[in-house]
Every structure is written in C-alpha cells, then in structure tokens.
Amino acid sequence: MRKPYEQLRVAIVSDAAPERTAVGNSHCVHSPHLRPDIGRVELMSPGYGAEPLPQWLSVPLPGDATQRIGVPSPLELKRRLNALRPHTVVVATPGVHGFLGARYAAGLGARLVYVMHTHYENLTRLYWRGLMRPVNQAYLRKANRHLLQRADRVAAVAEEMRLLAEADGARGACLV
C-alpha cells in the first residue's frame with residue numbers, strides 16, 4: 001500500500017550550484033533518502049544536473065569571484081516547473097531565482113517554502129563597499145521580507161534565523 005505523500009512533487013529553486021549553499025548541498029545529501037517517501041524532488045539551479053538551468057545573465061559576486069549572481073531564463077524555469085507540477089516549491093535565496101520560483105509557485109497553486117539560512121543584510125558587509133553597501137542592503141532587506149511574508153512556511157536553519165524571520169513577518173517559521 002502506497003503512502004499518500006509518495007506522490008508528492010517538490011521543486012527546489014536556487015540561484016547557487018548545490019555545492020555552494022547549505023540548501024543545495026542538503027538537496028544532494030537528503031533527496032536520495034527522501035525519494036522513497038516523496039515521489040519527486042528536483043533541484044532547479046545553474047550548473048546542476050544533466051540540464052543546468054540556463055542563465056540570461058551571470059556576473060561574479062563582488063568580493064568573491066568564485067560565486068556568481070545570475071538571472072535565469074524565466075521561460076525555461078516556468079517550463080520546468082509546469083512539467084513537474086510541484087505540490088511544494090522551496091526557494092533558497094531572495095534573488096531573481098527565488099522571486100520567479102515564488103511567483104510560479106503561486107500560479108501553480110503550490111505551497112511555498114522559503115529557507116532562511118543566512119542573514120542576507122549582514123552579507124553586504126562582506127561583498128560591497130561605499131554607496132553600493134546601503135543600496136544592496138536595502139534591496140536584500142526588502143526582497144527577504146517579501147519572500148518571508150509570502151511563504152506558507154519558513155524553514156530556518158538556526159534559532160537566530162527563525163527569530164529574524166518572525167520579526168520580518170514570516171508565518172509558520174520553524175527550525176529545521
């Protein structure tokens with residue numbers, strides 16, 4: 001007898017290659033163990049799998065040329081999500097990938113899970129100087145809050161992140 005959740009389909013949308021983030025790495029480590037219980041788990045990110053998600057634009061992250069900031073092909077991401085028809089879309093970052101994943105999740109009637117694994121506003125101290133620091137800090141604050149407030153569930157990787165998520169309006173923030 002099949003368990004009801006064995007038919008669940010989950011899409012993880014990330015702007016980073018799996019080896020670069022806790023979320024992507026977690027997918028690689030955990031998804032083989034989830035597959036017997038969950039029907040399908042697919043990671044949609046640049047540089048992953050047989051068909052990496054195509055990027056329209058990709059530039060080095062200031063201060064760390066080993067990482068890149070990119071803009072995925074919206075049509076290709078939408079095509080892949082439509083093909084999977086996920087019940088849940090997990091977004092890992094407040095960038096273009098995350099916004100598109102959240103938008104398409106709503107259009108598909110899928111639940112949105114936002115992973116709070118980093119205090120993004122604090123990252124501006126590492127990557128930007130001068131006028132670009134407050135500009136990027138304001139963007140990251142607004143973008144992060146947008147996703148936190150729209151998510152059905154926020155998965156925080158530390159108690160500090162859970163508290164930050166709740167302070168920024170997240171409902172259903174939990175520690176994982």
# chains A, B, ... in the order shown; residues from 1 in each chain; ligands from 1

call {"tool": "closest_atom_pairs", "arguments": {"of": "stretch 75-100 of chain A", "to": "stretch 132-147 of chain A", "cutoff": "12 Å", "atoms": "only C-alpha atoms", "output": "JSON lines"}}
result
{"residue": "A:Val90", "atom": "CA", "partner": "A:Leu147", "partner_atom": "CA", "distance": 11.0}
{"residue": "A:Val91", "atom": "CA", "partner": "A:Leu147", "partner_atom": "CA", "distance": 8.8}
{"residue": "A:Ala92", "atom": "CA", "partner": "A:Leu147", "partner_atom": "CA", "distance": 10.0}
{"residue": "A:Thr93", "atom": "CA", "partner": "A:Asn144", "partner_atom": "CA", "distance": 8.0}
{"residue": "A:Pro94", "atom": "CA", "partner": "A:Asn144", "partner_atom": "CA", "distance": 5.3}
{"residue": "A:Gly95", "atom": "CA", "partner": "A:Ala143", "partner_atom": "CA", "distance": 7.5}
{"residue": "A:Val96", "atom": "CA", "partner": "A:Ala143", "partner_atom": "CA", "distance": 9.6}
{"residue": "A:His97", "atom": "CA", "partner": "A:Leu147", "partner_atom": "CA", "distance": 11.6}
{"residue": "A:Gly98", "atom": "CA", "partner": "A:Leu147", "partner_atom": "CA", "distance": 8.0}
{"residue": "A:Phe99", "atom": "CA", "partner": "A:Leu147", "partner_atom": "CA", "distance": 7.5}
{"residue": "A:Leu100", "atom": "CA", "partner": "A:Leu147", "partner_atom": "CA", "distance": 10.7}

call {"tool": "closest_residue", "arguments": {"among": "A:Thr124, A:Val115, A:Gly130, A:Glu166", "to": "A:Val154", "atoms": "only C-alpha atoms"}}
result
A:Val115

call {"tool": "select_by_dssp", "arguments": {"residues": "stretch 36-169 of chain A", "states": "strand (DSSP E or B)", "output": "PDB file with C-alpha atoms, in the first residue's frame"}}
result
ATOM      1  CA  ARG A  40       9.916  13.509  -6.994  1.00  0.00           C
ATOM      2  CA  VAL A  41      12.413  16.082  -5.745  1.00  0.00           C
ATOM      3  CA  GLU A  42      14.044  18.271  -8.404  1.00  0.00           C
ATOM      4  CA  LEU A  43      16.693  20.937  -7.919  1.00  0.00           C
ATOM      5  CA  MET A  44      16.491  23.737 -10.475  1.00  0.00           C
ATOM      6  CA  GLN A  55      21.143  31.864 -17.221  1.00  0.00           C
ATOM      7  CA  TRP A  56      20.370  35.063 -19.104  1.00  0.00           C
ATOM      8  CA  LEU A  57      22.989  36.951 -17.143  1.00  0.00           C
ATOM      9  CA  SER A  58      25.709  35.845 -14.775  1.00  0.00           C
ATOM     10  CA  VAL A  59      28.225  38.136 -13.079  1.00  0.00           C
ATOM     11  CA  PRO A  60      30.809  37.471 -10.357  1.00  0.00           C
ATOM     12  CA  LEU A  61      29.763  38.294  -6.814  1.00  0.00           C
ATOM     13  CA  ASP A  64      34.145  36.542  -4.161  1.00  0.00           C
ATOM     14  CA  ALA A  65      34.725  35.784  -7.839  1.00  0.00           C
ATOM     15  CA  THR A  66      34.134  32.074  -7.173  1.00  0.00           C
ATOM     16  CA  GLN A  67      30.409  32.813  -6.751  1.00  0.00           C
ATOM     17  CA  ARG A  68      28.092  34.359  -9.308  1.00  0.00           C
ATOM     18  CA  ILE A  69      24.841  36.296  -9.303  1.00  0.00           C
ATOM     19  CA  GLY A  70      22.596  35.314 -12.171  1.00  0.00           C
ATOM     20  CA  VAL A  71      19.275  35.791 -13.850  1.00  0.00           C
ATOM     21  CA  PRO A  72      17.720  32.540 -15.046  1.00  0.00           C
ATOM     22  CA  THR A  88       5.664  22.480  -2.995  1.00  0.00           C
ATOM     23  CA  VAL A  89       8.290  24.911  -4.264  1.00  0.00           C
ATOM     24  CA  VAL A  90      11.252  25.574  -1.999  1.00  0.00           C
ATOM     25  CA  VAL A  91      13.180  28.799  -2.631  1.00  0.00           C
ATOM     26  CA  ARG A 111       2.845  25.752  -1.403  1.00  0.00           C
ATOM     27  CA  LEU A 112       5.881  27.999  -0.982  1.00  0.00           C
ATOM     28  CA  VAL A 113       8.638  27.171   1.487  1.00  0.00           C
ATOM     29  CA  TYR A 114      11.339  29.793   1.965  1.00  0.00           C
ATOM     30  CA  VAL A 115      14.612  28.680   3.549  1.00  0.00           C
ATOM     31  CA  MET A 116      16.131  31.241   5.915  1.00  0.00           C
ATOM     32  CA  ARG A 153       6.279  28.020   5.690  1.00  0.00           C
ATOM     33  CA  VAL A 154       9.737  29.355   6.520  1.00  0.00           C
ATOM     34  CA  ALA A 155      12.398  26.781   7.303  1.00  0.00           C
ATOM     35  CA  ALA A 156      15.145  28.317   9.435  1.00  0.00           C
TER      36      ALA A 156
END

call {"tool": "atom_distance", "arguments": {"atom1": "atom CA of A:Met161", "atom2": "atom CA of A:Pro74"}}
result
29.0 Å

call {"tool": "atom_distance", "arguments": {"atom1": "atom CA of A:Gly169", "atom2": "atom CA of A:Gln149"}}
result
5.4 Å

call {"tool": "atom_distance", "arguments": {"atom1": "atom CA of A:Val10", "atom2": "atom CA of A:Gly172"}}
result
18.6 Å

call {"tool": "select_by_dssp", "arguments": {"residues": "stretch 106-140 of chain A", "states": "helix (DSSP H, G or I)", "output": "PyMOL selection string"}}
result
chain A and resi 106-108+120-127+132-140

call {"tool": "residues_around", "arguments": {"residues": "A:Pro54", "least_positions_apart": "4", "cutoff": "9 Å", "atoms": "only C-alpha atoms", "output": "CSV table (one decimal) with N, CA and C atoms, in the first residue's frame"}}
result
chain,number,residue,atom,x,y,z
A,45,SER,N,18.7,24.8,-10.6
A,45,SER,CA,19.7,25.8,-10.4
A,45,SER,C,20.7,25.8,-11.5
A,46,PRO,N,21.5,26.8,-11.5
A,46,PRO,CA,22.6,26.9,-12.6
A,46,PRO,C,23.6,25.8,-12.2
A,47,GLY,N,24.2,25.2,-13.2
A,47,GLY,CA,25.3,24.3,-13.1
A,47,GLY,C,24.9,23.0,-12.4
A,71,VAL,N,20.7,35.7,-13.5
A,71,VAL,CA,19.3,35.8,-13.9
A,71,VAL,C,18.9,34.6,-14.7
A,72,PRO,N,18.1,33.7,-14.3
A,72,PRO,CA,17.7,32.5,-15.0
A,72,PRO,C,16.8,32.9,-16.2
A,73,SER,N,16.7,32.0,-17.1
A,73,SER,CA,15.7,32.1,-18.2
A,73,SER,C,14.3,31.9,-17.6
A,76,GLU,N,12.3,29.1,-19.3
A,76,GLU,CA,12.8,27.8,-19.0
A,76,GLU,C,12.4,27.3,-17.6
A,77,LEU,N,12.6,28.2,-16.7
A,77,LEU,CA,12.2,27.9,-15.3
A,77,LEU,C,10.7,27.5,-15.2

call {"tool": "residues_around", "arguments": {"residues": "A:Val157", "least_positions_apart": "6", "cutoff": "6 Å", "atoms": "only C-alpha atoms", "output": "number ranges by chain"}}
result
A: 117, 175-176
